[in-house]
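Chemist: Just passing along the structure, written as structure tokens.
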Amino acid sequence: MEWNLRSCSRKGHVTYAPVEPDYRAKLEASTPLGDAWRCLRCGSYVLGEPHGTGPADDAPVLLRGKALRSAFILRALAVERWIRGAVIVLLGVGVFRLKSTQISLQQLFDRDLSSLKPFFDQVHFNVQDSSTVHAIQKILNAKPSTLNVIAGALLFYGALQIIEGIGLWSLKRWGEYVAVVGTTLFIPLEIYEVTDKASWLKIAALVVNVLAVLYLLLSKRLFGLRGGHRAYQESLHEVSLLEVQESAHADPARA
């Protein structure tokens, strides 16, 4: 898939006229219909005035190449966080309702989570097989204050997952930090789930979360790793115009 063209087709091209003659000559072309400028994202020539002008270092930093693929990965993680957060919030609400109505956990899932059953069946995941659910079942006879704490913790973690998803989808730096911290806190519980009763789905979820944490830490240079945020921003600026020139030389047919 040509990620840059896909993004330009949805958001439109972005052109820029550097004041440096060498850069300007490589990004500008004359045609019978007028001047055309190379899109900083996909490398295609676009007729009309550039969207901006100034020093090359001030060119807009766009999501292209590796950065665009990274954005796709983060948004896929965001969707996964939203799904997980919704399930956990429903479970927390279920514990509150279970305390007040004294119905069984199985009845609660049948009534309130019936809409999610087709999804669980498709991925061969039995909610009643979860060690987390078993742990909740063991303390269902506890005093109401204990159930309040459990329900509150579930609601808090579910909300945290949803907030993570918002931050990741919007490609915000704070979302990446929240995702790393929140996912890391949840990994011990996932390890417990796998060691207690392993399944391919639990193992896959654990592997995905570990890889997600490592990916965010290293690629986004979080917590000062590999030079931190400043080095990350500088790397984006350095490749902004260079990637466009390289792609243009590699694929002259686009011009």
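Within each chain, counting starts at residue 1; across the structure tokens, chains are named A, B, ... in the order shown, with ligands numbered 1 upward in that order.
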If you count only C-alpha atoms, which residues fall within 7 Å of region 16-30 of chain A, apart from same-chain ones fewer than 5 positions away, as number ranges by chain?

Modeler: A: 35-38, 50-56, 59

Chemist: Quick one: write out the picked residues with C-alpha atoms as a PDB file, in the first residue's frame?

Modeler:
```pdb
ATOM      1  CA  ASP A  35       3.978  26.538 -11.835  1.00  0.00           C
ATOM      2  CA  ALA A  36       3.614  23.280  -9.927  1.00  0.00           C
ATOM      3  CA  TRP A  37       5.011  22.354  -6.542  1.00  0.00           C
ATOM      4  CA  ARG A  38       5.918  18.937  -5.209  1.00  0.00           C
ATOM      5  CA  PRO A  50       2.389  26.642  -2.572  1.00  0.00           C
ATOM      6  CA  HIS A  51       0.593  26.412   0.738  1.00  0.00           C
ATOM      7  CA  GLY A  52       3.539  27.967   2.540  1.00  0.00           C
ATOM      8  CA  THR A  53       7.002  29.419   2.079  1.00  0.00           C
ATOM      9  CA  GLY A  54      10.074  30.044   4.233  1.00  0.00           C
ATOM     10  CA  PRO A  55      13.307  28.348   5.344  1.00  0.00           C
ATOM     11  CA  ALA A  56      13.548  24.612   4.699  1.00  0.00           C
ATOM     12  CA  ALA A  59       8.712  23.232   6.435  1.00  0.00           C
TER      13      ALA A  59
END
```

Chemist: For Arg75 (chain A), work out the shell of residues within 9 Å, counting only C-alpha atoms and skipping chain neighbours fewer than 4 positions away, then give it as a PyMOL selection string.

Modeler: chain A and resi 70-71+79-80+165+168-171

Chemist: For the residues selected in the previous step, produce a file with N, CA and C atoms as a short mmCIF file (atom, residue, chain, number, x, y, z; two decimals), in the first residue's frame.

Modeler:
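Result file follows (selection-v9.cif):
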```
data_model
loop_
_atom_site.label_atom_id
_atom_site.label_comp_id
_atom_site.auth_asym_id
_atom_site.auth_seq_id
_atom_site.Cartn_x
_atom_site.Cartn_y
_atom_site.Cartn_z
N SER A 70 3.63 4.51 11.38
CA SER A 70 3.55 4.55 12.84
C SER A 70 2.19 5.03 13.30
N ALA A 71 1.64 6.04 12.61
CA ALA A 71 0.31 6.55 12.97
C ALA A 71 -0.74 5.47 12.79
N VAL A 79 -7.98 1.49 18.77
CA VAL A 79 -9.23 0.74 18.62
C VAL A 79 -9.26 -0.42 19.60
N GLU A 80 -8.12 -1.12 19.73
CA GLU A 80 -8.05 -2.24 20.67
C GLU A 80 -8.29 -1.76 22.11
N GLY A 165 -6.92 5.23 24.38
CA GLY A 165 -7.34 5.16 22.97
C GLY A 165 -7.49 6.54 22.36
N LEU A 168 -3.95 7.93 21.78
CA LEU A 168 -3.26 7.25 20.68
C LEU A 168 -3.87 7.61 19.33
N TRP A 169 -5.20 7.68 19.27
CA TRP A 169 -5.85 8.00 17.99
C TRP A 169 -5.51 9.42 17.54
N SER A 170 -5.43 10.34 18.48
CA SER A 170 -5.11 11.74 18.15
C SER A 170 -3.61 11.98 18.01
N LEU A 171 -2.80 10.90 18.21
CA LEU A 171 -1.35 10.95 18.05
C LEU A 171 -0.71 11.98 18.99
#
```

Chemist: Please measure the separation of CA of Ala205 (chain A) and CA of Ile163 (chain A), giving the value in Å to one decimal.

Modeler: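 The value is 19.2 Å.
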
Chemist: Between CA of Ile162 (chain A) and CA of Gly85 (chain A), measure the distance and give it in Å to one decimal.

Modeler: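 Interatomic distance here is 5.3 Å.
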